[in-house]
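Trainee: This is entry24.txt (compact mmCIF, N, CA and C atoms and all ligand atoms).
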```txt
# COMPACT_ATOMS: atom_id res chain seq x y z
N MET A 1 93.46 87.35 100.26
CA MET A 1 93.22 86.12 101.07
C MET A 1 91.72 85.88 101.15
N SER A 2 91.25 84.83 100.52
CA SER A 2 89.81 84.63 100.38
C SER A 2 89.13 84.30 101.70
N ASP A 3 89.86 83.72 102.66
CA ASP A 3 89.21 83.33 103.92
C ASP A 3 89.54 84.29 105.07
N CYS A 4 90.02 85.46 104.74
CA CYS A 4 90.41 86.42 105.79
C CYS A 4 89.26 87.39 106.05
N ILE A 5 88.78 87.43 107.30
CA ILE A 5 87.64 88.28 107.64
C ILE A 5 87.95 89.76 107.42
N PHE A 6 89.17 90.19 107.70
CA PHE A 6 89.48 91.61 107.53
C PHE A 6 89.65 91.97 106.04
N CYS A 7 90.11 91.03 105.22
CA CYS A 7 90.10 91.27 103.77
C CYS A 7 88.66 91.43 103.30
N LYS A 8 87.75 90.62 103.85
CA LYS A 8 86.34 90.71 103.44
C LYS A 8 85.74 92.05 103.86
N ILE A 9 86.12 92.55 105.03
CA ILE A 9 85.67 93.89 105.45
C ILE A 9 86.26 94.94 104.51
N ALA A 10 87.54 94.81 104.19
CA ALA A 10 88.20 95.78 103.29
C ALA A 10 87.55 95.79 101.91
N ASN A 11 87.04 94.61 101.49
CA ASN A 11 86.40 94.49 100.17
C ASN A 11 84.90 94.73 100.22
N HIS A 12 84.39 95.08 101.41
CA HIS A 12 82.95 95.33 101.61
C HIS A 12 82.11 94.07 101.37
N GLU A 13 82.72 92.92 101.59
CA GLU A 13 81.95 91.66 101.49
C GLU A 13 81.33 91.32 102.83
N VAL A 14 81.91 91.83 103.91
CA VAL A 14 81.38 91.66 105.27
C VAL A 14 81.17 93.05 105.85
N LYS A 15 80.03 93.23 106.52
CA LYS A 15 79.70 94.55 107.07
C LYS A 15 80.56 94.90 108.27
N ALA A 16 80.85 96.18 108.39
CA ALA A 16 81.52 96.71 109.58
C ALA A 16 81.10 98.17 109.70
N ARG A 17 81.26 98.72 110.89
CA ARG A 17 80.98 100.17 111.08
C ARG A 17 82.25 100.92 110.68
N ILE A 18 82.28 101.37 109.45
CA ILE A 18 83.50 101.97 108.89
C ILE A 18 83.60 103.44 109.32
N ALA A 19 84.77 103.80 109.84
CA ALA A 19 85.01 105.17 110.30
C ALA A 19 85.84 105.97 109.31
N PHE A 20 86.62 105.28 108.49
CA PHE A 20 87.49 105.97 107.52
C PHE A 20 87.91 104.95 106.47
N GLU A 21 88.11 105.45 105.26
CA GLU A 21 88.59 104.57 104.19
C GLU A 21 89.27 105.39 103.11
N ASN A 22 90.38 104.88 102.59
CA ASN A 22 90.95 105.39 101.34
C ASN A 22 91.42 104.19 100.53
N ASP A 23 92.25 104.40 99.53
CA ASP A 23 92.66 103.29 98.66
C ASP A 23 93.51 102.26 99.37
N ARG A 24 94.19 102.67 100.43
CA ARG A 24 95.18 101.79 101.06
C ARG A 24 94.79 101.29 102.45
N VAL A 25 93.91 102.05 103.11
CA VAL A 25 93.65 101.84 104.54
C VAL A 25 92.15 101.88 104.80
N ILE A 26 91.69 101.08 105.76
CA ILE A 26 90.29 101.19 106.19
C ILE A 26 90.27 101.07 107.72
N ALA A 27 89.40 101.85 108.34
CA ALA A 27 89.27 101.83 109.81
C ALA A 27 87.81 101.55 110.15
N PHE A 28 87.61 100.67 111.12
CA PHE A 28 86.25 100.30 111.49
C PHE A 28 86.19 100.00 112.98
N HIS A 29 84.98 100.01 113.54
CA HIS A 29 84.78 99.78 114.96
C HIS A 29 84.94 98.29 115.28
N ASP A 30 85.64 98.01 116.37
CA ASP A 30 85.81 96.63 116.83
C ASP A 30 84.45 96.06 117.23
N LEU A 31 84.21 94.83 116.86
CA LEU A 31 82.94 94.15 117.15
C LEU A 31 82.76 93.91 118.65
N PHE A 32 83.85 93.75 119.38
CA PHE A 32 83.81 93.49 120.83
C PHE A 32 84.69 94.53 121.51
N PRO A 33 84.18 95.78 121.62
CA PRO A 33 85.04 96.87 122.09
C PRO A 33 85.56 96.66 123.51
N ALA A 34 86.83 96.95 123.70
CA ALA A 34 87.48 96.84 125.01
C ALA A 34 87.57 98.19 125.70
N ALA A 35 87.01 99.22 125.07
CA ALA A 35 87.00 100.58 125.62
C ALA A 35 85.84 101.31 124.95
N PRO A 36 85.44 102.47 125.51
CA PRO A 36 84.32 103.21 124.89
C PRO A 36 84.56 103.51 123.41
N VAL A 37 85.79 103.80 123.04
CA VAL A 37 86.16 103.90 121.62
C VAL A 37 87.18 102.80 121.33
N HIS A 38 86.88 101.96 120.37
CA HIS A 38 87.81 100.89 119.99
C HIS A 38 87.69 100.69 118.48
N LEU A 39 88.66 101.27 117.77
CA LEU A 39 88.68 101.14 116.31
C LEU A 39 89.85 100.25 115.91
N LEU A 40 89.72 99.65 114.75
CA LEU A 40 90.80 98.88 114.15
C LEU A 40 91.16 99.55 112.83
N ILE A 41 92.45 99.84 112.64
CA ILE A 41 92.93 100.47 111.42
C ILE A 41 93.79 99.44 110.71
N ILE A 42 93.41 99.11 109.48
CA ILE A 42 94.09 98.02 108.77
C ILE A 42 94.52 98.48 107.38
N PRO A 43 95.57 97.84 106.84
CA PRO A 43 95.86 98.05 105.42
C PRO A 43 94.90 97.19 104.61
N LYS A 44 94.53 97.65 103.42
CA LYS A 44 93.69 96.81 102.56
C LYS A 44 94.48 95.61 102.04
N ALA A 45 95.78 95.80 101.85
CA ALA A 45 96.64 94.68 101.45
C ALA A 45 96.79 93.71 102.62
N HIS A 46 96.84 92.43 102.30
CA HIS A 46 96.90 91.41 103.36
C HIS A 46 98.34 91.13 103.80
N PHE A 47 98.59 91.35 105.09
CA PHE A 47 99.81 90.88 105.75
C PHE A 47 99.34 90.16 107.00
N SER A 48 99.73 88.90 107.15
CA SER A 48 99.21 88.11 108.28
C SER A 48 99.65 88.67 109.62
N THR A 49 100.92 88.99 109.73
CA THR A 49 101.46 89.54 110.98
C THR A 49 102.47 90.63 110.62
N LEU A 50 102.89 91.36 111.64
CA LEU A 50 103.93 92.38 111.43
C LEU A 50 105.19 91.76 110.85
N ASN A 51 105.43 90.47 111.18
CA ASN A 51 106.65 89.81 110.69
C ASN A 51 106.69 89.69 109.17
N GLU A 52 105.54 89.77 108.54
CA GLU A 52 105.46 89.60 107.08
C GLU A 52 105.57 90.94 106.34
N VAL A 53 105.63 92.05 107.06
CA VAL A 53 105.65 93.36 106.39
C VAL A 53 107.08 93.71 106.01
N PRO A 54 107.36 93.84 104.71
CA PRO A 54 108.74 94.19 104.30
C PRO A 54 109.06 95.64 104.63
N ALA A 55 110.34 95.92 104.76
CA ALA A 55 110.78 97.26 105.13
C ALA A 55 110.28 98.30 104.14
N GLU A 56 110.10 97.90 102.87
CA GLU A 56 109.63 98.86 101.86
C GLU A 56 108.21 99.35 102.15
N GLN A 57 107.50 98.63 103.01
CA GLN A 57 106.13 99.01 103.36
C GLN A 57 106.07 99.85 104.64
N ALA A 58 107.22 100.40 105.02
CA ALA A 58 107.24 101.24 106.24
C ALA A 58 106.25 102.40 106.11
N GLY A 59 106.10 102.92 104.89
CA GLY A 59 105.17 104.03 104.69
C GLY A 59 103.73 103.63 104.98
N LEU A 60 103.40 102.40 104.61
CA LEU A 60 102.04 101.91 104.88
C LEU A 60 101.81 101.78 106.38
N LEU A 61 102.80 101.26 107.09
CA LEU A 61 102.68 101.19 108.55
C LEU A 61 102.53 102.58 109.14
N GLY A 62 103.28 103.53 108.59
CA GLY A 62 103.16 104.91 109.05
C GLY A 62 101.77 105.47 108.80
N GLU A 63 101.19 105.10 107.67
CA GLU A 63 99.85 105.60 107.35
C GLU A 63 98.80 105.03 108.32
N LEU A 64 99.00 103.78 108.77
CA LEU A 64 98.08 103.23 109.79
C LEU A 64 98.14 104.12 111.03
N MET A 65 99.35 104.49 111.40
CA MET A 65 99.56 105.31 112.60
C MET A 65 98.96 106.71 112.42
N THR A 66 99.25 107.36 111.31
CA THR A 66 98.75 108.73 111.12
C THR A 66 97.22 108.73 110.96
N THR A 67 96.68 107.67 110.39
CA THR A 67 95.21 107.56 110.29
C THR A 67 94.62 107.43 111.69
N ALA A 68 95.25 106.62 112.52
CA ALA A 68 94.75 106.44 113.90
C ALA A 68 94.80 107.77 114.66
N VAL A 69 95.87 108.52 114.49
CA VAL A 69 95.99 109.81 115.19
C VAL A 69 94.91 110.77 114.70
N GLN A 70 94.68 110.81 113.40
CA GLN A 70 93.64 111.67 112.85
C GLN A 70 92.27 111.30 113.42
N LEU A 71 91.99 110.00 113.48
CA LEU A 71 90.70 109.55 114.03
C LEU A 71 90.61 109.89 115.51
N ALA A 72 91.70 109.73 116.23
CA ALA A 72 91.70 110.07 117.66
C ALA A 72 91.36 111.55 117.85
N LYS A 73 91.90 112.39 116.99
CA LYS A 73 91.59 113.82 117.07
C LYS A 73 90.13 114.07 116.76
N GLU A 74 89.64 113.44 115.69
CA GLU A 74 88.23 113.64 115.29
C GLU A 74 87.27 113.15 116.37
N LEU A 75 87.67 112.13 117.10
CA LEU A 75 86.79 111.55 118.13
C LEU A 75 87.05 112.17 119.51
N ASN A 76 87.82 113.26 119.50
CA ASN A 76 88.09 114.02 120.74
C ASN A 76 88.79 113.19 121.81
N LEU A 77 89.66 112.29 121.37
CA LEU A 77 90.44 111.48 122.31
C LEU A 77 91.81 112.10 122.56
N ALA A 78 92.22 113.00 121.69
CA ALA A 78 93.62 113.41 121.66
C ALA A 78 94.07 114.04 122.97
N GLU A 79 93.25 114.93 123.52
CA GLU A 79 93.69 115.66 124.71
C GLU A 79 93.78 114.74 125.93
N ASP A 80 92.76 113.93 126.15
CA ASP A 80 92.78 113.02 127.31
C ASP A 80 93.77 111.87 127.10
N GLY A 81 93.91 111.45 125.85
CA GLY A 81 94.85 110.39 125.53
C GLY A 81 94.17 109.13 125.05
N TYR A 82 94.99 108.27 124.49
CA TYR A 82 94.48 107.03 123.88
C TYR A 82 95.64 106.08 123.76
N ARG A 83 95.35 104.87 123.31
CA ARG A 83 96.41 103.86 123.15
C ARG A 83 96.34 103.25 121.76
N LEU A 84 97.49 103.06 121.14
CA LEU A 84 97.60 102.34 119.87
C LEU A 84 98.37 101.06 120.14
N VAL A 85 97.81 99.93 119.66
CA VAL A 85 98.41 98.62 119.93
C VAL A 85 98.35 97.78 118.67
N MET A 86 99.45 97.08 118.38
CA MET A 86 99.40 96.06 117.33
C MET A 86 99.98 94.77 117.91
N ASN A 87 99.14 93.76 117.99
CA ASN A 87 99.56 92.48 118.56
C ASN A 87 100.18 91.60 117.47
N CYS A 88 101.18 90.81 117.86
CA CYS A 88 101.84 89.92 116.89
C CYS A 88 101.93 88.50 117.42
N ASN A 89 101.28 87.59 116.67
CA ASN A 89 101.34 86.15 116.95
C ASN A 89 100.80 85.80 118.35
N ALA A 90 100.95 84.54 118.72
CA ALA A 90 100.23 84.02 119.88
C ALA A 90 100.60 84.73 121.18
N ASN A 91 101.89 84.91 121.44
CA ASN A 91 102.27 85.55 122.70
C ASN A 91 101.87 87.02 122.76
N GLY A 92 101.72 87.63 121.60
CA GLY A 92 101.27 89.02 121.55
C GLY A 92 99.77 89.16 121.68
N GLY A 93 99.06 88.03 121.61
CA GLY A 93 97.60 88.07 121.75
C GLY A 93 96.87 88.30 120.45
N GLN A 94 97.55 88.04 119.31
CA GLN A 94 96.89 88.24 118.01
C GLN A 94 95.87 87.13 117.77
N SER A 95 94.66 87.51 117.38
CA SER A 95 93.63 86.51 117.09
C SER A 95 93.15 86.58 115.64
N VAL A 96 93.30 87.73 114.99
CA VAL A 96 92.96 87.85 113.57
C VAL A 96 94.25 88.09 112.80
N TYR A 97 94.50 87.20 111.83
CA TYR A 97 95.80 87.21 111.15
C TYR A 97 95.76 88.03 109.85
N HIS A 98 95.44 89.30 110.06
CA HIS A 98 95.57 90.37 109.04
C HIS A 98 95.92 91.58 109.90
N ILE A 99 97.08 92.15 109.71
CA ILE A 99 97.56 93.15 110.67
C ILE A 99 96.54 94.27 110.88
N HIS A 100 96.46 94.73 112.11
CA HIS A 100 95.51 95.78 112.49
C HIS A 100 96.06 96.54 113.68
N LEU A 101 95.85 97.84 113.63
CA LEU A 101 96.25 98.72 114.72
C LEU A 101 95.01 99.03 115.54
N HIS A 102 95.04 98.70 116.84
CA HIS A 102 93.93 99.03 117.72
C HIS A 102 94.07 100.48 118.17
N LEU A 103 92.98 101.23 118.10
CA LEU A 103 92.89 102.57 118.70
C LEU A 103 91.88 102.47 119.84
N LEU A 104 92.39 102.65 121.05
CA LEU A 104 91.55 102.51 122.26
C LEU A 104 91.53 103.82 123.01
N GLY A 105 90.34 104.22 123.45
CA GLY A 105 90.26 105.46 124.22
C GLY A 105 88.89 105.61 124.85
N GLY A 106 88.73 106.74 125.54
CA GLY A 106 87.46 107.04 126.18
C GLY A 106 87.39 106.64 127.63
N ARG A 107 88.44 106.02 128.14
CA ARG A 107 88.55 105.74 129.57
C ARG A 107 90.04 105.62 129.91
N LYS A 108 90.31 105.65 131.22
CA LYS A 108 91.70 105.47 131.67
C LYS A 108 92.07 104.01 131.45
N LEU A 109 93.12 103.77 130.68
CA LEU A 109 93.55 102.41 130.37
C LEU A 109 94.67 102.00 131.31
N THR A 110 94.64 100.78 131.77
CA THR A 110 95.66 100.33 132.71
C THR A 110 96.91 99.87 131.96
N TRP A 111 98.03 99.88 132.65
CA TRP A 111 99.30 99.41 132.08
C TRP A 111 100.09 98.72 133.17
N PRO A 112 100.73 97.59 132.92
CA PRO A 112 100.74 96.88 131.62
C PRO A 112 99.46 96.10 131.38
N PRO A 113 99.13 95.81 130.12
CA PRO A 113 97.97 94.98 129.83
C PRO A 113 98.24 93.56 130.30
N GLY A 114 97.21 92.76 130.39
CA GLY A 114 97.36 91.38 130.89
C GLY A 114 98.17 90.50 129.97
P1 LIG B 1 93.78 90.87 117.95
O1 LIG B 1 93.47 90.02 119.15
O2 LIG B 1 94.84 91.89 118.19
O3 LIG B 1 94.06 89.99 116.73
O4 LIG B 1 92.47 91.70 117.64
C1 LIG B 1 91.44 91.26 116.82
C2 LIG B 1 90.26 92.15 117.08
O5 LIG B 1 89.35 91.99 116.03
C3 LIG B 1 89.51 91.83 118.38
O6 LIG B 1 89.48 93.00 119.21
C4 LIG B 1 88.12 91.43 117.89
O7 LIG B 1 87.11 91.88 118.75
C5 LIG B 1 88.05 92.11 116.54
N1 LIG B 1 87.18 91.51 115.55
C6 LIG B 1 87.12 90.21 115.18
N2 LIG B 1 86.22 90.04 114.19
C7 LIG B 1 85.73 91.27 113.91
C8 LIG B 1 84.77 91.77 112.97
N3 LIG B 1 84.15 90.96 112.10
N4 LIG B 1 84.51 93.10 112.97
C9 LIG B 1 85.14 93.92 113.83
N5 LIG B 1 86.05 93.52 114.73
C10 LIG B 1 86.33 92.21 114.78
```
What do you get writing this file as structure tokens?
Mentor:
Amino acid sequence: MSDCIFCKIANHEVKARIAFENDRVIAFHDLFPAAPVHLLIIPKAHFSTLNEVPAEQAGLLGELMTTAVQLAKELNLAEDGYRLVMNCNANGGQSVYHIHLHLLGGRKLTWPPG
């Protein structure tokens, strides 16, 4: 997707503070962090929303999750805890239409979110 900001980050056309990368997944720091640690873990392949991800890509969704857990451990969030969130479409609060898993931690997070 030529006009997708997260595709541009995945292709290194737009700068981001990258925390992890492999052939399928890239993780970077959120530009407007909502917690002391706020990373976004995305697939390099473009899917606008969770609704567009076919069942055959369940492994890729799993890799977003396992990457987030690994980063949480490396950033010493695991013991105190953290939150993983993926927003979908307008009511879910999605603002960037390339799926991304939020990893939030470093403070006590309230529930439910607004
Ligand atoms: P969502 O509202 O779930 O779609 O989350 C989108 C997130 O992307 C927000 O937390 C934004 O702060 C973040 N964001 C938007 N543009 C960038 C960017 N260029 N680099 C890093 N994070 C971004």
Trainee: Using all atoms listed in the file, which residues have at least one atom no more than 7 Å from ligand LIG 1 (chain B)? Output them as a list of chain:residue names.
Mentor: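 The distance check yields A:Ile5, A:Phe6, A:Lys15, A:Ala16, A:Arg17, A:Phe28, A:His29, A:Asp30, A:Leu31, A:Phe32, A:Pro33, A:Ala34, A:Val85, A:Met86, A:Asn87, A:Cys88, A:Gly92, A:Gly93, A:Gln94, A:Ser95, A:Val96, A:Tyr97, A:His98, A:His100, A:His102.
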Trainee: Which value, in Å to one decimal, gives the distance between CA of Asn76 in chain A and CA of Gln57 in chain A?
Mentor: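 Computed distance, CA of Asn76 in chain A to CA of Gln57 in chain A, equals 29.2 Å.
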Trainee: Distance atom C of His38 in chain A-atom C of Lys8 in chain A, one decimal place?
Mentor: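 Pair atom C of His38 in chain A / atom C of Lys8 in chain A returns 17.1 Å.
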Trainee: Please indicate the distance in Å from CA of Pro113 in chain A to CA of Leu101 in chain A, rounded to one decimal place.
Mentor: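 Going from CA of Pro113 in chain A over to CA of Leu101 in chain A covers 15.7 Å.
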Trainee: Which residue gives the smallest distance to Pro43 in chain A among A:Lys108, A:Ala27, A:Glu79, A:Leu84, with only N, CA and C atoms counted?
Mentor: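 Using only N, CA and C atoms, Pro43 in chain A sits closest to A:Ala27.
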Trainee: Could you rebuild range 1-12 of chain A with all heavy atoms and give me the result as a PDB file, in the frame of the given file?
Mentor:
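Once everything was written out, this is rebuild_27.pdb:
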```
ATOM      1  N   MET A   1      93.460  87.350 100.260  1.00  0.00           N
ATOM      2  CA  MET A   1      93.220  86.120 101.070  1.00  0.00           C
ATOM      3  C   MET A   1      91.720  85.880 101.150  1.00  0.00           C
ATOM      4  O   MET A   1      91.003  86.610 101.812  1.00  0.00           O
ATOM      5  CB  MET A   1      93.792  86.328 102.469  1.00  0.00           C
ATOM      6  CG  MET A   1      95.293  86.194 102.544  1.00  0.00           C
ATOM      7  SD  MET A   1      95.814  84.485 102.594  1.00  0.00           S
ATOM      8  CE  MET A   1      95.332  84.038 104.268  1.00  0.00           C
ATOM      9  N   SER A   2      91.250  84.830 100.520  1.00  0.00           N
ATOM     10  CA  SER A   2      89.810  84.630 100.380  1.00  0.00           C
ATOM     11  C   SER A   2      89.130  84.300 101.700  1.00  0.00           C
ATOM     12  O   SER A   2      87.943  84.578 101.866  1.00  0.00           O
ATOM     13  CB  SER A   2      89.553  83.519  99.364  1.00  0.00           C
ATOM     14  OG  SER A   2      90.217  82.349  99.775  1.00  0.00           O
ATOM     15  N   ASP A   3      89.860  83.720 102.660  1.00  0.00           N
ATOM     16  CA  ASP A   3      89.210  83.330 103.920  1.00  0.00           C
ATOM     17  C   ASP A   3      89.540  84.290 105.070  1.00  0.00           C
ATOM     18  O   ASP A   3      89.318  83.960 106.226  1.00  0.00           O
ATOM     19  CB  ASP A   3      89.592  81.903 104.308  1.00  0.00           C
ATOM     20  CG  ASP A   3      91.097  81.752 104.484  1.00  0.00           C
ATOM     21  OD1 ASP A   3      91.845  82.664 104.054  1.00  0.00           O
ATOM     22  OD2 ASP A   3      91.522  80.739 105.058  1.00  0.00           O
ATOM     23  N   CYS A   4      90.020  85.460 104.740  1.00  0.00           N
ATOM     24  CA  CYS A   4      90.410  86.420 105.790  1.00  0.00           C
ATOM     25  C   CYS A   4      89.260  87.390 106.050  1.00  0.00           C
ATOM     26  O   CYS A   4      88.831  88.115 105.142  1.00  0.00           O
ATOM     27  CB  CYS A   4      91.666  87.180 105.355  1.00  0.00           C
ATOM     28  SG  CYS A   4      92.039  88.598 106.416  1.00  0.00           S
ATOM     29  N   ILE A   5      88.780  87.430 107.300  1.00  0.00           N
ATOM     30  CA  ILE A   5      87.640  88.280 107.640  1.00  0.00           C
ATOM     31  C   ILE A   5      87.950  89.760 107.420  1.00  0.00           C
ATOM     32  O   ILE A   5      87.066  90.515 106.964  1.00  0.00           O
ATOM     33  CB  ILE A   5      87.167  88.001 109.102  1.00  0.00           C
ATOM     34  CG1 ILE A   5      85.909  88.778 109.446  1.00  0.00           C
ATOM     35  CG2 ILE A   5      88.247  88.296 110.103  1.00  0.00           C
ATOM     36  CD1 ILE A   5      84.665  88.248 108.829  1.00  0.00           C
ATOM     37  N   PHE A   6      89.170  90.190 107.700  1.00  0.00           N
ATOM     38  CA  PHE A   6      89.480  91.610 107.530  1.00  0.00           C
ATOM     39  C   PHE A   6      89.650  91.970 106.040  1.00  0.00           C
ATOM     40  O   PHE A   6      89.325  93.091 105.645  1.00  0.00           O
ATOM     41  CB  PHE A   6      90.696  92.016 108.353  1.00  0.00           C
ATOM     42  CG  PHE A   6      90.408  92.149 109.840  1.00  0.00           C
ATOM     43  CD1 PHE A   6      89.139  91.888 110.357  1.00  0.00           C
ATOM     44  CD2 PHE A   6      91.397  92.558 110.714  1.00  0.00           C
ATOM     45  CE1 PHE A   6      88.864  92.015 111.719  1.00  0.00           C
ATOM     46  CE2 PHE A   6      91.134  92.696 112.094  1.00  0.00           C
ATOM     47  CZ  PHE A   6      89.867  92.422 112.584  1.00  0.00           C
ATOM     48  N   CYS A   7      90.110  91.030 105.220  1.00  0.00           N
ATOM     49  CA  CYS A   7      90.100  91.270 103.770  1.00  0.00           C
ATOM     50  C   CYS A   7      88.660  91.430 103.300  1.00  0.00           C
ATOM     51  O   CYS A   7      88.361  92.289 102.458  1.00  0.00           O
ATOM     52  CB  CYS A   7      90.753  90.113 103.025  1.00  0.00           C
ATOM     53  SG  CYS A   7      92.553  90.112 103.056  1.00  0.00           S
ATOM     54  N   LYS A   8      87.750  90.620 103.850  1.00  0.00           N
ATOM     55  CA  LYS A   8      86.340  90.710 103.440  1.00  0.00           C
ATOM     56  C   LYS A   8      85.740  92.050 103.860  1.00  0.00           C
ATOM     57  O   LYS A   8      84.934  92.629 103.125  1.00  0.00           O
ATOM     58  CB  LYS A   8      85.538  89.545 104.032  1.00  0.00           C
ATOM     59  CG  LYS A   8      85.864  88.234 103.348  1.00  0.00           C
ATOM     60  CD  LYS A   8      85.071  87.082 103.911  1.00  0.00           C
ATOM     61  CE  LYS A   8      85.423  85.798 103.142  1.00  0.00           C
ATOM     62  NZ  LYS A   8      84.937  84.606 103.814  1.00  0.00           N
ATOM     63  N   ILE A   9      86.120  92.550 105.030  1.00  0.00           N
ATOM     64  CA  ILE A   9      85.670  93.890 105.450  1.00  0.00           C
ATOM     65  C   ILE A   9      86.260  94.940 104.510  1.00  0.00           C
ATOM     66  O   ILE A   9      85.549  95.837 104.040  1.00  0.00           O
ATOM     67  CB  ILE A   9      86.041  94.156 106.918  1.00  0.00           C
ATOM     68  CG1 ILE A   9      85.157  93.288 107.843  1.00  0.00           C
ATOM     69  CG2 ILE A   9      85.894  95.642 107.260  1.00  0.00           C
ATOM     70  CD1 ILE A   9      85.531  93.328 109.309  1.00  0.00           C
ATOM     71  N   ALA A  10      87.540  94.810 104.190  1.00  0.00           N
ATOM     72  CA  ALA A  10      88.200  95.780 103.290  1.00  0.00           C
ATOM     73  C   ALA A  10      87.550  95.790 101.910  1.00  0.00           C
ATOM     74  O   ALA A  10      87.479  96.822 101.251  1.00  0.00           O
ATOM     75  CB  ALA A  10      89.689  95.454 103.183  1.00  0.00           C
ATOM     76  N   ASN A  11      87.040  94.610 101.490  1.00  0.00           N
ATOM     77  CA  ASN A  11      86.400  94.490 100.170  1.00  0.00           C
ATOM     78  C   ASN A  11      84.900  94.730 100.220  1.00  0.00           C
ATOM     79  O   ASN A  11      84.198  94.530  99.225  1.00  0.00           O
ATOM     80  CB  ASN A  11      86.624  93.082  99.596  1.00  0.00           C
ATOM     81  CG  ASN A  11      88.076  92.835  99.256  1.00  0.00           C
ATOM     82  OD1 ASN A  11      88.794  93.761  98.929  1.00  0.00           O
ATOM     83  ND2 ASN A  11      88.512  91.582  99.353  1.00  0.00           N
ATOM     84  N   HIS A  12      84.390  95.080 101.410  1.00  0.00           N
ATOM     85  CA  HIS A  12      82.950  95.330 101.610  1.00  0.00           C
ATOM     86  C   HIS A  12      82.110  94.070 101.370  1.00  0.00           C
ATOM     87  O   HIS A  12      80.942  94.165 101.013  1.00  0.00           O
ATOM     88  CB  HIS A  12      82.461  96.484 100.730  1.00  0.00           C
ATOM     89  CG  HIS A  12      83.162  97.782 101.019  1.00  0.00           C
ATOM     90  ND1 HIS A  12      82.779  98.641 102.015  1.00  0.00           N
ATOM     91  CD2 HIS A  12      84.248  98.345 100.460  1.00  0.00           C
ATOM     92  CE1 HIS A  12      83.597  99.671 102.050  1.00  0.00           C
ATOM     93  NE2 HIS A  12      84.504  99.515 101.121  1.00  0.00           N
TER      94      HIS A  12
END
```
